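Okay, start06.csv is below, CSV, C-alpha atoms and all ligand atoms:
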chain,number,residue,atom,x,y,z
A,13,MET,CA,92.9,117.3,92.1
A,14,ARG,CA,96.6,117.5,92.1
A,15,THR,CA,98.4,117.0,88.8
A,16,PRO,CA,101.2,114.4,89.1
A,17,VAL,CA,104.7,115.8,89.2
A,18,VAL,CA,107.8,114.0,88.0
A,19,ALA,CA,111.1,115.9,88.7
A,20,GLY,CA,114.5,114.6,87.6
A,21,ASN,CA,117.4,115.6,89.7
A,22,TRP,CA,120.5,115.1,87.6
A,23,LYS,CA,122.8,116.0,90.5
A,24,MET,CA,126.5,116.6,89.4
A,25,HIS,CA,126.1,114.7,86.1
A,26,LEU,CA,126.1,115.5,82.4
A,27,THR,CA,128.0,118.0,80.3
A,28,ARG,CA,125.9,120.7,78.4
A,29,GLU,CA,125.8,118.5,75.3
A,30,GLU,CA,124.8,115.4,77.2
A,31,ALA,CA,122.1,117.3,79.0
A,32,ALA,CA,120.7,118.7,75.8
A,33,GLY,CA,120.7,115.3,74.2
A,34,LEU,CA,118.8,113.7,77.1
A,35,THR,CA,116.3,116.6,77.2
A,36,ARG,CA,115.6,116.2,73.4
A,37,ASP,CA,115.0,112.5,74.0
A,38,ILE,CA,112.6,113.2,76.9
A,39,LYS,CA,110.8,115.8,74.9
A,40,GLU,CA,110.4,113.5,71.9
A,41,LYS,CA,109.0,110.6,74.0
A,42,VAL,CA,106.8,112.4,76.5
A,43,GLY,CA,106.5,116.0,75.3
A,44,GLY,CA,102.8,115.4,74.5
A,45,GLU,CA,101.8,113.9,77.9
A,46,GLU,CA,99.2,116.2,79.5
A,47,ASN,CA,98.3,114.8,82.9
A,48,VAL,CA,101.8,115.2,84.3
A,49,LYS,CA,104.2,118.1,85.2
A,50,VAL,CA,107.7,117.3,84.2
A,51,ILE,CA,110.6,119.3,85.8
A,52,LEU,CA,114.2,118.8,84.8
A,53,CYS,CA,116.9,119.9,87.3
A,54,PRO,CA,120.3,119.9,85.5
A,55,PRO,CA,123.5,121.2,87.1
A,56,PHE,CA,124.0,125.0,86.9
A,57,THR,CA,126.3,124.9,83.8
A,58,ALA,CA,123.6,123.2,81.7
A,59,LEU,CA,120.6,125.2,83.1
A,60,ASP,CA,120.6,128.0,80.4
A,61,GLY,CA,120.8,125.5,77.6
A,62,ILE,CA,118.0,123.3,79.0
A,63,VAL,CA,115.7,126.3,79.5
A,64,GLY,CA,116.2,126.9,75.8
A,65,GLU,CA,115.6,123.3,74.8
A,66,CYS,CA,112.4,123.3,76.8
A,67,ARG,CA,111.0,126.5,75.5
A,68,GLY,CA,107.6,126.0,73.8
A,69,SER,CA,107.1,122.6,75.5
A,70,ASN,CA,105.4,121.9,78.7
A,71,ILE,CA,108.6,120.7,80.4
A,72,GLN,CA,109.7,123.0,83.2
A,73,VAL,CA,113.3,123.6,84.5
A,74,GLY,CA,114.6,123.8,88.0
A,75,ALA,CA,117.9,124.4,89.7
A,76,GLN,CA,119.3,122.1,92.4
A,77,ASN,CA,120.2,124.8,94.9
A,78,MET,CA,120.6,128.6,95.3
A,79,HIS,CA,121.8,131.2,97.7
A,80,TRP,CA,119.2,133.4,99.5
A,81,GLU,CA,120.8,136.8,98.8
A,82,ASP,CA,120.2,138.6,95.5
A,83,GLU,CA,123.9,139.4,95.0
A,84,GLY,CA,127.1,140.0,97.0
A,85,ALA,CA,130.5,138.6,98.0
A,86,PHE,CA,129.5,134.9,98.1
A,87,THR,CA,132.1,133.2,96.0
A,88,GLY,CA,130.8,130.1,94.3
A,89,GLU,CA,127.2,130.8,94.9
A,90,ILE,CA,124.2,131.4,92.5
A,91,SER,CA,121.5,133.9,93.4
A,92,PRO,CA,117.7,133.8,92.7
A,93,LEU,CA,118.1,136.8,90.4
A,94,MET,CA,120.5,134.7,88.3
A,95,LEU,CA,118.1,131.8,88.1
A,96,LYS,CA,115.3,134.1,87.1
A,97,ASP,CA,117.5,135.7,84.5
A,98,ILE,CA,117.8,132.4,82.6
A,99,GLY,CA,114.1,131.6,83.0
A,100,CYS,CA,114.4,128.9,85.7
A,101,LYS,CA,111.1,128.4,87.4
A,102,TYR,CA,111.8,125.8,90.2
A,103,VAL,CA,114.6,125.1,92.7
A,104,ILE,CA,115.3,122.1,94.8
A,105,LEU,CA,116.0,123.2,98.4
A,106,GLY,CA,117.2,121.2,101.4
A,107,HIS,CA,118.2,118.1,99.5
A,108,SER,CA,119.7,115.6,101.8
A,109,GLU,CA,123.1,115.9,100.0
A,110,ARG,CA,123.0,119.6,100.7
A,111,ARG,CA,122.1,119.0,104.3
A,112,HIS,CA,124.4,116.1,105.0
A,113,VAL,CA,127.4,116.6,102.7
A,114,PHE,CA,127.5,120.4,102.8
A,115,GLY,CA,126.1,121.1,106.2
A,116,GLU,CA,123.0,123.1,105.3
A,117,THR,CA,120.8,123.8,108.3
A,118,ASP,CA,117.0,124.2,108.5
A,119,GLU,CA,117.6,127.9,109.0
A,120,ASP,CA,119.6,128.1,105.7
A,121,VAL,CA,116.9,126.2,103.9
A,122,ASN,CA,114.2,128.5,105.3
A,123,LYS,CA,116.1,131.6,104.1
A,124,LYS,CA,116.4,130.1,100.7
A,125,LEU,CA,112.8,129.1,100.5
A,126,LEU,CA,111.5,132.5,101.4
A,127,SER,CA,113.9,134.1,99.0
A,128,ALA,CA,112.8,131.8,96.1
A,129,VAL,CA,109.1,132.5,96.7
A,130,ARG,CA,109.9,136.3,96.8
A,131,HIS,CA,111.4,135.9,93.4
A,132,ASN,CA,108.6,133.7,92.0
A,133,ILE,CA,110.7,130.6,91.8
A,134,ARG,CA,108.8,127.6,93.1
A,135,PRO,CA,110.8,125.7,95.8
A,136,ILE,CA,110.8,121.9,96.0
A,137,LEU,CA,111.5,121.5,99.7
A,138,CYS,CA,113.1,118.1,100.6
A,139,VAL,CA,112.8,116.5,103.9
A,140,GLY,CA,113.7,113.0,105.2
A,141,GLU,CA,115.3,111.0,107.9
A,142,THR,CA,118.6,109.2,108.1
A,143,LEU,CA,118.8,105.4,108.7
A,144,GLU,CA,119.9,106.1,112.3
A,145,GLN,CA,116.8,108.3,112.8
A,146,ARG,CA,114.5,105.7,111.2
A,147,GLU,CA,116.0,103.0,113.5
A,148,GLU,CA,115.5,105.3,116.6
A,149,GLY,CA,111.8,105.7,115.6
A,150,VAL,CA,112.0,109.4,115.0
A,151,THR,CA,111.1,109.5,111.3
A,152,ASP,CA,107.9,111.5,111.8
A,153,THR,CA,109.4,114.0,114.2
A,154,THR,CA,112.4,114.6,112.0
A,155,CYS,CA,110.3,115.3,109.0
A,156,ARG,CA,108.0,117.5,111.1
A,157,GLU,CA,110.9,119.6,112.4
A,158,GLN,CA,112.4,120.0,108.9
A,159,LEU,CA,109.0,121.1,107.6
A,160,GLU,CA,108.1,123.5,110.3
A,161,LYS,CA,111.5,125.2,110.3
A,162,GLY,CA,111.8,125.1,106.5
A,163,LEU,CA,108.4,126.7,106.0
A,164,GLU,CA,108.6,129.3,108.8
A,165,GLY,CA,107.2,132.7,107.7
A,166,LEU,CA,105.7,131.4,104.5
A,167,SER,CA,102.3,133.1,103.8
A,168,GLN,CA,99.1,131.2,103.1
A,169,GLU,CA,99.0,132.6,99.6
A,170,ASN,CA,102.5,131.5,98.8
A,171,ALA,CA,101.9,128.1,100.2
A,172,GLU,CA,100.2,127.0,97.0
A,173,ASN,CA,103.4,127.6,95.1
A,174,ILE,CA,105.6,125.1,96.9
A,175,ILE,CA,106.3,121.4,96.4
A,176,ILE,CA,107.4,119.0,99.1
A,177,ALA,CA,109.5,116.0,98.5
A,178,TYR,CA,109.9,113.3,101.1
A,179,GLU,CA,113.3,111.6,100.5
A,180,PRO,CA,114.4,109.2,103.2
A,181,VAL,CA,118.2,109.6,103.2
A,182,TRP,CA,118.8,105.8,103.4
A,183,ALA,CA,116.8,105.3,100.2
A,184,ILE,CA,118.7,107.8,98.0
A,185,GLY,CA,121.0,106.2,95.5
A,186,THR,CA,121.0,102.9,97.3
A,187,GLY,CA,118.6,100.9,95.1
A,188,LYS,CA,116.5,100.4,98.3
A,189,SER,CA,113.3,102.4,98.0
A,190,ALA,CA,111.0,102.9,100.9
A,191,SER,CA,108.0,100.6,100.6
A,192,ALA,CA,104.9,102.3,99.1
A,193,LYS,CA,103.2,101.8,102.4
A,194,ASP,CA,105.9,103.5,104.4
A,195,ALA,CA,106.3,106.3,101.9
A,196,GLU,CA,102.5,106.9,102.1
A,197,HIS,CA,102.6,106.9,105.9
A,198,VAL,CA,105.1,109.8,105.9
A,199,ASN,CA,103.5,111.6,103.0
A,200,ASN,CA,100.2,111.5,104.7
A,201,TYR,CA,101.8,112.7,107.9
A,202,ILE,CA,103.4,115.6,106.0
A,203,ARG,CA,99.9,116.5,104.6
A,204,ILE,CA,98.6,116.6,108.2
A,205,ILE,CA,101.4,118.9,109.3
A,206,LEU,CA,100.8,121.1,106.2
A,207,SER,CA,97.1,121.3,107.1
A,208,GLY,CA,98.0,122.5,110.6
A,209,ILE,CA,100.2,125.3,109.1
A,210,PHE,CA,98.2,126.3,106.0
A,211,SER,CA,94.7,124.9,106.3
A,212,LYS,CA,93.1,124.9,102.8
A,213,ALA,CA,96.3,125.2,100.8
A,214,ALA,CA,97.6,121.9,102.2
A,215,GLU,CA,95.3,120.0,99.8
A,216,LEU,CA,96.9,121.7,96.8
A,217,ILE,CA,100.5,121.2,97.7
A,218,PRO,CA,102.1,118.3,95.8
A,219,ILE,CA,103.9,115.9,98.0
A,220,LEU,CA,106.5,113.8,96.2
A,221,TYR,CA,108.5,110.7,97.1
A,222,GLY,CA,112.1,110.3,96.2
A,223,GLY,CA,114.7,107.6,96.8
A,224,SER,CA,115.5,104.8,94.3
A,225,VAL,CA,112.4,105.4,92.2
A,226,LYS,CA,112.5,103.2,89.1
A,227,PRO,CA,110.1,102.1,86.4
A,228,ASP,CA,109.3,98.9,88.3
A,229,ASN,CA,108.3,100.6,91.6
A,230,ILE,CA,106.5,103.7,90.2
A,231,ASP,CA,103.1,102.1,89.8
A,232,GLU,CA,102.9,101.1,93.5
A,233,LEU,CA,104.2,104.4,94.7
A,234,MET,CA,101.8,106.4,92.5
A,235,ALA,CA,98.9,104.3,93.6
A,236,GLN,CA,99.1,105.9,97.1
A,237,PRO,CA,96.7,108.7,97.8
A,238,ASN,CA,99.3,111.1,99.2
A,239,ILE,CA,102.1,110.4,96.8
A,240,ASP,CA,101.5,113.1,94.1
A,241,GLY,CA,104.7,112.5,92.2
A,242,VAL,CA,108.3,111.6,92.4
A,243,LEU,CA,111.7,113.2,92.6
A,244,VAL,CA,114.0,110.9,90.6
A,245,GLY,CA,117.9,110.8,90.8
A,246,GLY,CA,119.7,107.9,89.0
A,247,ALA,CA,116.8,106.8,86.8
A,248,SER,CA,116.3,110.3,85.5
A,249,LEU,CA,119.7,110.1,83.7
A,250,ASN,CA,118.4,107.5,81.4
A,251,GLY,CA,115.8,108.6,78.8
A,252,ASP,CA,114.0,105.3,78.6
A,253,SER,CA,113.6,104.7,82.3
A,254,PHE,CA,112.8,108.4,83.1
A,255,THR,CA,110.1,108.6,80.4
A,256,GLU,CA,108.6,105.3,81.5
A,257,ILE,CA,108.3,106.8,85.0
A,258,ILE,CA,106.7,109.9,83.5
A,259,ARG,CA,104.2,107.9,81.4
A,260,LYS,CA,103.2,105.7,84.3
A,261,SER,CA,102.8,108.7,86.6
A,262,ALA,CA,100.5,110.4,84.1
A,263,LEU,CA,98.0,107.6,84.5
A,264,LYS,CA,97.2,108.7,88.1
A,265,THR,CA,93.7,109.9,88.2
A,266,SER,CA,92.9,111.2,91.6
A,301,LIG,P1,118.0,108.2,93.5
A,301,LIG,O1,116.7,108.2,92.6
A,301,LIG,O2,119.2,108.1,92.7
A,301,LIG,O3,117.9,107.4,94.7
A,301,LIG,O4,118.1,109.8,94.0
A,301,LIG,C1,117.0,110.3,94.6
A,301,LIG,C2,117.3,111.8,94.8
A,301,LIG,O5,118.1,112.2,95.6
A,301,LIG,C3,116.5,112.7,94.1
A,301,LIG,O6,116.6,114.0,94.6
Rewrite the coordinates I just gave you, this time as structure tokens.
Ligand code: 13P
Amino acid sequence: MRTPVVAGNWKMHLTREEAAGLTRDIKEKVGGEENVKVILCPPFTALDGIVGECRGSNIQVGAQNMHWEDEGAFTGEISPLMLKDIGCKYVILGHSERRHVFGETDEDVNKKLLSAVRHNIRPILCVGETLEQREEGVTDTTCREQLEKGLEGLSQENAENIIIAYEPVWAIGTGKSASAKDAEHVNNYIRIILSGIFSKAAELIPILYGGSVKPDNIDELMAQPNIDGVLVGGASLNGDSFTEIIRKSALKTS
């Protein structure tokens, strides 16, 4: 059985004070929920403060990106050692905004993933097709390629420590979520690819869906057998809607 995962990607939003306020609100409303793993991913500037806010609760904290090297002349970058230093346990890697706005390649994502695992930081690897790729009918092959390249060299033992998020690029921030049926199709396909690479561990890896997740589409998404949770952007910036998504996700039983 896979515990449902709800991760909030706050992207480039919130000052430290705003982030702390939102975290307290989330803690108050759903801090006691047991059947769900909540991960907050604030911007780097707020990370340290949010790790402090979450100490003693079962809410975990993740970064939105990192460099693969431990240190060096990489102006503007943040290393896995720095994330570890502040107690950050997760990192989102290969988000579509990193790939499409900042030109990250599958090779970059792979180096980051192996480095994160080496440092005991659990990667949330994002994959997903653009609208153009969907219209060309290459959704499955695009996700397959991103997965195979992103996971290259990952050992069987470490496979249990990763999370995958399927985020179709056209559904991100558009208000237009993939249908539950389409999301389940891709998540199921991802599970098949993972089984080919990792055999047994594939059943343990949480596969999330992301892209315009809201309180009114969460039930249908979470009802799908291969949707183990969600990666939420816009709706995670609002305490009421994010905690409603968390509460509803915690109801998943299988
Ligand atoms: P939205 O929920 O705003 O569509 O963003 C999804 C996302 O990119 C999460 O990583």
* Go through the chains and note each residue within 9 Å of ligand LIG 301 (chain A), using only C-alpha atoms and all ligand atoms, then give the set as a ChimeraX atom specification. => /A:19-23,76,104,107-109,138,177,179-189,221-226,242-248
Any chance you could export the current selection's C-alpha atoms as a PDB file, keeping the file's coordinate frame?
ATOM      1  CA  ALA A  19     111.100 115.900  88.700  1.00  0.00           C
ATOM      2  CA  GLY A  20     114.500 114.600  87.600  1.00  0.00           C
ATOM      3  CA  ASN A  21     117.400 115.600  89.700  1.00  0.00           C
ATOM      4  CA  TRP A  22     120.500 115.100  87.600  1.00  0.00           C
ATOM      5  CA  LYS A  23     122.800 116.000  90.500  1.00  0.00           C
ATOM      6  CA  GLN A  76     119.300 122.100  92.400  1.00  0.00           C
ATOM      7  CA  ILE A 104     115.300 122.100  94.800  1.00  0.00           C
ATOM      8  CA  HIS A 107     118.200 118.100  99.500  1.00  0.00           C
ATOM      9  CA  SER A 108     119.700 115.600 101.800  1.00  0.00           C
ATOM     10  CA  GLU A 109     123.100 115.900 100.000  1.00  0.00           C
ATOM     11  CA  CYS A 138     113.100 118.100 100.600  1.00  0.00           C
ATOM     12  CA  ALA A 177     109.500 116.000  98.500  1.00  0.00           C
ATOM     13  CA  GLU A 179     113.300 111.600 100.500  1.00  0.00           C
ATOM     14  CA  PRO A 180     114.400 109.200 103.200  1.00  0.00           C
ATOM     15  CA  VAL A 181     118.200 109.600 103.200  1.00  0.00           C
ATOM     16  CA  TRP A 182     118.800 105.800 103.400  1.00  0.00           C
ATOM     17  CA  ALA A 183     116.800 105.300 100.200  1.00  0.00           C
ATOM     18  CA  ILE A 184     118.700 107.800  98.000  1.00  0.00           C
ATOM     19  CA  GLY A 185     121.000 106.200  95.500  1.00  0.00           C
ATOM     20  CA  THR A 186     121.000 102.900  97.300  1.00  0.00           C
ATOM     21  CA  GLY A 187     118.600 100.900  95.100  1.00  0.00           C
ATOM     22  CA  LYS A 188     116.500 100.400  98.300  1.00  0.00           C
ATOM     23  CA  SER A 189     113.300 102.400  98.000  1.00  0.00           C
ATOM     24  CA  TYR A 221     108.500 110.700  97.100  1.00  0.00           C
ATOM     25  CA  GLY A 222     112.100 110.300  96.200  1.00  0.00           C
ATOM     26  CA  GLY A 223     114.700 107.600  96.800  1.00  0.00           C
ATOM     27  CA  SER A 224     115.500 104.800  94.300  1.00  0.00           C
ATOM     28  CA  VAL A 225     112.400 105.400  92.200  1.00  0.00           C
ATOM     29  CA  LYS A 226     112.500 103.200  89.100  1.00  0.00           C
ATOM     30  CA  VAL A 242     108.300 111.600  92.400  1.00  0.00           C
ATOM     31  CA  LEU A 243     111.700 113.200  92.600  1.00  0.00           C
ATOM     32  CA  VAL A 244     114.000 110.900  90.600  1.00  0.00           C
ATOM     33  CA  GLY A 245     117.900 110.800  90.800  1.00  0.00           C
ATOM     34  CA  GLY A 246     119.700 107.900  89.000  1.00  0.00           C
ATOM     35  CA  ALA A 247     116.800 106.800  86.800  1.00  0.00           C
ATOM     36  CA  SER A 248     116.300 110.300  85.500  1.00  0.00           C
TER      37      SER A 248
END
* Among the residues A:Ala31, A:Ile133, A:Leu105, A:Ile204, the one that comes closest to A:Asp120 [using only C-alpha atoms] ->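 With only C-alpha atoms as the atom set, the closest residue is A:Leu105.
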* Asked: Which one is closest to A:Ser191: A:Asn250, A:Asn173, A:Ser207, A:Gln236? Count all atoms listed in the file.
  -> A:Gln236
* What is the distance, in Å and to one decimal place, between atom CA of A:Cys53 and atom CA of A:Lys124? ->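 We find that atom CA of A:Cys53 and atom CA of A:Lys124 lie 16.8 Å from each other.
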* To do: Just give me the gap between atom CA of A:Cys155 and atom CA of A:Glu141 in Å, one decimal is fine.
  => 6.7 Å
* Shell of 9 Å around A:Glu29, all atoms listed in the file, local chain residues under 5 positions omitted, as a PyMOL selection string -> chain A and resi 34+58+61
* To do: In the coordinate frame of the file, compute which residues have an atom within 12 Å of (98.2, 134.7, 98.4) when using only C-alpha atoms, and state them as a count of residues only.
  => 13
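We find atom CA of A:Thr35 and atom CA of A:Ile51 to be spaced 10.7 Å apart.
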Please provide as a PDB file with C-alpha atoms, in the coordinates of the input all residues within 9 Å of A:Ile62, with the sequence filter that same-chain residues fewer than 4 positions apart are discarded (counting all atoms listed in the file).
ATOM      1  CA  ARG A  28     125.900 120.700  78.400  1.00  0.00           C
ATOM      2  CA  ALA A  31     122.100 117.300  79.000  1.00  0.00           C
ATOM      3  CA  ALA A  32     120.700 118.700  75.800  1.00  0.00           C
ATOM      4  CA  THR A  35     116.300 116.600  77.200  1.00  0.00           C
ATOM      5  CA  LEU A  52     114.200 118.800  84.800  1.00  0.00           C
ATOM      6  CA  PRO A  54     120.300 119.900  85.500  1.00  0.00           C
ATOM      7  CA  ALA A  58     123.600 123.200  81.700  1.00  0.00           C
ATOM      8  CA  CYS A  66     112.400 123.300  76.800  1.00  0.00           C
ATOM      9  CA  ARG A  67     111.000 126.500  75.500  1.00  0.00           C
ATOM     10  CA  VAL A  73     113.300 123.600  84.500  1.00  0.00           C
TER      11      VAL A  73
END
* Counting only C-alpha atoms, the residue of A:Val103, A:Ile71, A:Ala195, A:Val63 that sits nearest A:Ile38 -> A:Ile71
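Shortest atom-to-atom contact with A:Ile258 among A:Glu83, A:Glu30, A:Glu160, A:Asp231: A:Asp231, counting only C-alpha atoms.
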* To do: Check the smallest atom-to-atom distance from each of A:Glu45, A:Thr151, A:Arg14, A:Tyr102 to A:Ile257 using all atoms listed in the file, then report the winner.
  =>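 Smallest distance to A:Ile257 is found for A:Glu45.
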* Nearest-residue call for A:Ser253, choices A:Glu147, A:Glu196, A:Asp60, A:Asp228, using all atoms listed in the file ->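 Between A:Glu147, A:Glu196, A:Asp60, A:Asp228, the residue approaching A:Ser253 most closely is A:Asp228.
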* Asked: Which residues come within 12 Å of A:Ile205, counting all atoms listed in the file, excluding same-chain residues fewer than 4 positions away, as a list in words?
  ->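 What passes the distance filter is Asp152, Thr153, Cys155, Arg156, Glu157, Gln158, Leu159, Glu160, Lys161, Leu163, Ile176, Val198, Asn199, Asn200, Tyr201, Ile209, Phe210, Ser211, Ala213, Ala214, Glu215, Ile217 and Ile219 of chain A.
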* Skip A:Cys100 itself and residues of its chain fewer than 4 positions away, then list as a PyMOL selection string all residues within 6 Å of it, counting all atoms listed in the file. => chain A and resi 73-74+95-96
